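Step one of this worksheet: look at the structure below.
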Amino acid sequence: MHVYVKKSCGNQLQFTSGKCDLQYLKAIVSKMAEKLRFDGRVAVVTGAGSGLGREYALLFGSRGAKVVVNDLGGSFHGDGASKRAADIVVDEIRAQGGTAVADYNSVVDGSKVIETAINNFGRVDILVNNAGILRDRSIAKTSDLDWDLINAVHLKGSFKCTQAAWPYMRKQNYGRIIMTSSNSGIYGNFGQANYSAAKMGLVGLANTVAIEGQKNNIHCNVIIPTAASRMTEDILPDILFNELKPHLIAPVVVYLCHESCKDNGSYIESAAGWATKLNIVRGKGCVLRTSIDQTNTTPEYVQSVWAKITDMTDAKHLDTIGQASGSLLEVLEKLKEGKFGEYEDTFKFSNKDLILYALGIGASVKNENDLKFLYENHPEFSAIPSYFVLPGLMLCMTTDIVGSALPSGKAHLSNILHGEQYLEICDDIPTSGTLTTIGKVFDVMDKGSGALVVTNTDTYDESGRLLVKNQSSTFIVGAGNFGGKKTPIKGVIPIVNPPNRSPDATCHYKTSEDQAALYRLSGDLNPLHIDPEFAALGGFKTPILHGLCSLGFSVRAILAQYANNNASLFKAVKLRFSAPVIPGQTLKIDMWKEGKRVLFTTTVVETGTKAIIGGYVDLKDIAAKL
Ligand SMILES: CCCCCCC[C@@H](O)CC(=O)SCCNC(=O)CCNC(=O)[C@H](O)C(C)(C)COP(=O)(O)OP(=O)(O)OC[C@H]1O[C@@H](n2cnc3c(N)ncnc32)[C@H](O)[C@@H]1OP(=O)(O)O
């Protein structure tokens, strides 16, 4: 989770030509004529001997408030004390016809400051925590004294004055408190570690004071002023310094302290006759677990998703700590429901695609029974059901779903091998359409020589009917040994070894040297299957055949042997690709029939290597359909 501060645009009043609601304008004009008054209110302004505090005190005084002008009268470094600064401002207020008393206490003695208000005026309605000093040093040179003095005056002083005023405000069920922060705190500023820390501390203080005061009509807001003052004259360039008149900020603070202002817990930045609200915003964030059952994550995984964690597109402001924890609960709910990390892909296909696929897995017009897969006007024209591994595969190939599951966050195509595949047909399959596939990572295993990423994909037709389910295991060579678990979670469909007897049937198919060149046109354009240089990158002497092409050959053999080539009898297939096949090699498919399940193994005849192990095809009710 990443938090940063976002500034809204300052508001401007604009007059536009066109229709004008006269009554509305009159209401605005008469509202503007009504002065915001503070008669009967008592305002305590700390550090009011000069600069911003003086301007606040003068404006409050001119609007009928009785003002406590607090100022220790020290230098802006915090040394010394004199009565003069506060006295001069008190005189100025009185000269305007206002009421004011001076208070010379340090804000650290907050109770004494507030006592001055109570002793002289019997109440305190407004507290502007404005007193501040500077002791700028780089972090390396900041002494304990530099740190303690700054924090004492800004942070502790604001706390002490607020705490002292609190019982009076609560009792009268009214209070307006201002904390003074700074852009030095919000953004940091070289040489102001102590000051920045205190100024951000005041934001935190205001946040909680605002919450605790709400029920007693005590509002606490933050002003972030940039003003020319004796504190800033050394550090601001002349051109800016001359425009940063403190009296331009006073109306903002005075309005924030008026009973008509409903803001509580707002941060208002103001300078040079401009004001805006600031907000802390939170990014969308990124979940670091694939499911509620995954109890750990790793620094490597965090590194891999760092871009997502720090992405501030669609960042939002939250109003309360309750919303922050509420959104975490939502995350947990979604994790429980398994709705995180979903990918979506659209898969369009037509008759032509089905025919191309059938050719790609060796169907031929030489075999009369294959014609229904190759000719769109055949009365039984249908898809070879293994075609429907493709929506799931294409989702995996066109998104970063596999890579995103790895600690490194990436998987290079040359290292990706198809490990296992499960396909289940859930409803009648069409011969053309636009399908939607939703997929997500289901499991990740550390197999030492590689990482095994299991993805589940569900494919729906235009009306939302679930057509097929795929579970694909991708073996990422060289991505293992990341400290992950070795065994699969429940739900990873296991391969099944054939019975210990000679096969019930065997079928041979010779692949062509152009098999991969043809098969790839069905969608999997991985260069591993056609480009010798790319294949060499993956450690292969020559391009290898797509695993799903060998799967297609094997499914064809079983359909021909046990289902009279009736595609509608096919229910599911599962297998493991145990060794690569080279285009041109001959596949021997050994089959064992066990009820509705046909177990099979596919071997490369030329080498004797088993290319597919643990395979089975589940058929529907054969007796009824044959
Ligand atoms: C939809 C998803 C999209 C996927 C993208 C696909 C894109 C396509 O374009 C890519 C392809 O089609 S590639 C072609 C088809 N696949 C192949 O040719 C791979 C053949 N398999 C191999 O070479 C080895 O099994 C090999 C290299 C995979 C592993 O061999 P080794 O490193 O020697 O591992 P080994 O010592 O035998 O076993 C270590 C542990 O891993 C498990 N394992 C082995 N092969 C597996 C496989 N194929 N699938 C799943 N798990 C497998 C072993 O069981 C062992 O685990 P454990 O130690 O827990 O027993």
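Every chain in the structure tokens has a letter given in the order shown (A, B, ...), and although residue numbers restart at 1 in each chain, ligands are simply numbered from 1 in the order shown.
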
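Where the distance criterion is 6 Å and the atoms used are only C-alpha atoms and all ligand atoms, the residues close to ligand 1 are A:Gly392, A:Leu393, A:Cys396, A:Ile416, A:Leu417, A:His418, A:Gly419, A:Glu420, A:Lys447, A:Ser449, A:Ser472, A:Ser473, A:Thr474, A:Phe475, A:Lys486, A:Thr487, A:Asp524, A:Asn526, A:Leu545, A:His546, A:Gly547, A:Arg576, A:Phe577, A:Ser578, A:Ala579, A:Pro580.
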
For those residues, write C-alpha atoms to a file as a compact mmCIF listing (two decimals), in the first residue's frame.
```
# COMPACT_ATOMS: atom_id res chain seq x y z
CA GLY A 392 -7.45 -21.41 -22.41
CA LEU A 393 -4.10 -21.62 -24.14
CA CYS A 396 -2.21 -17.92 -21.22
CA ILE A 416 8.11 -22.15 -21.31
CA LEU A 417 7.11 -25.77 -21.85
CA HIS A 418 3.61 -27.13 -21.75
CA GLY A 419 3.65 -29.48 -18.76
CA GLU A 420 0.17 -30.91 -18.32
CA LYS A 447 9.91 -28.20 -8.97
CA SER A 449 14.54 -27.59 -12.31
CA SER A 472 -3.05 -26.07 -17.91
CA SER A 473 0.27 -26.62 -16.18
CA THR A 474 3.13 -24.63 -17.57
CA PHE A 475 6.68 -25.70 -16.77
CA LYS A 486 6.64 -28.79 -4.21
CA THR A 487 3.26 -30.46 -4.01
CA ASP A 524 -0.07 -20.83 -30.83
CA ASN A 526 5.36 -19.65 -30.24
CA LEU A 545 6.12 -29.93 -31.86
CA HIS A 546 3.39 -28.18 -29.86
CA GLY A 547 2.34 -30.34 -26.92
CA ARG A 576 1.39 -34.92 -18.96
CA PHE A 577 3.89 -33.94 -21.65
CA SER A 578 6.92 -35.86 -20.47
CA ALA A 579 9.28 -35.33 -23.41
CA PRO A 580 9.31 -33.22 -26.57
```

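Look at stretch 354-369 of chain A: the protein and nucleic acid residues within 7 Å of it, using only C-alpha atoms and passing over chain neighbours fewer than 4 places away, are Ser350, Phe373, Leu374, Ala383, Ile384, Tyr387, Gln515, Leu518, Tyr519, Ser522, Cys549, Gly552, Phe553 and Asn565 of chain A.
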
Task: Shell of 8 Å around A:Pro430, only C-alpha atoms, local chain residues under 2 positions omitted, as a PyMOL selection string - done: chain A and resi 382-383+428+432-433

Would you write out those residues with C-alpha atoms, as a CSV table (one decimal), in the first residue's frame?
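Result file is out-v6.csv:
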```csv
chain,number,residue,atom,x,y,z
A,382,SER,CA,-18.2,-30.9,-35.9
A,383,ALA,CA,-15.2,-29.8,-34.0
A,428,ASP,CA,-22.7,-28.7,-26.5
A,432,SER,CA,-18.4,-21.0,-34.7
A,433,GLY,CA,-18.7,-18.2,-32.2
```

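With distances restricted to only C-alpha atoms, A:Leu155 is the closest residue to A:Asn194 from A:Leu452, A:Ile218, A:Leu155, A:Ala228.
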
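Considering only C-alpha atoms, the residue among A:Ile558, A:Ala85, A:Ile530, A:Leu406 positioned nearest to A:Thr298 is A:Leu406.
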
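Residue nearest A:Leu318, chosen from A:Thr399, A:Gln303, A:Asn351, A:Asn279 and counting only C-alpha atoms: A:Asn279.
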
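Proximity to A:Leu551 was assessed for A:Tyr422, A:Tyr460, A:Phe60, A:Phe381 counting only C-alpha atoms; the smallest distance is recorded for A:Tyr422.
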
Using DSSP on the backbone coordinates, identify all residues within stretch 153-234 of chain A classified as strand (DSSP E or B); present the result as a short mmCIF file (atom, residue, chain, number, x, y, z; two decimals) with C-alpha atoms, in the first residue's frame.
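Saved to states13.cif:
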```
data_model
loop_
_atom_site.label_atom_id
_atom_site.label_comp_id
_atom_site.auth_asym_id
_atom_site.auth_seq_id
_atom_site.Cartn_x
_atom_site.Cartn_y
_atom_site.Cartn_z
CA GLY A 175 -14.93 24.68 19.42
CA ARG A 176 -12.82 25.49 16.40
CA ILE A 177 -9.19 24.41 16.42
CA ILE A 178 -6.53 25.03 13.80
CA MET A 179 -3.26 23.12 13.52
CA THR A 180 -0.56 24.72 11.43
CA GLN A 192 14.31 20.81 8.04
CA ILE A 218 -15.42 20.76 18.07
CA HIS A 219 -13.85 20.96 14.62
CA CYS A 220 -10.15 20.71 13.97
CA ASN A 221 -8.64 21.63 10.60
CA VAL A 222 -5.13 22.07 9.29
CA ILE A 223 -3.78 25.15 7.57
CA ILE A 224 -0.74 24.73 5.35
CA PRO A 225 0.37 28.28 4.77
#
```

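Between atom CA of A:Val477 and atom CA of A:Val453 the separation is 11.2 Å.
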
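Here atom CA of A:Gln172 and atom CA of A:Cys257 stand 15.6 Å from one another.
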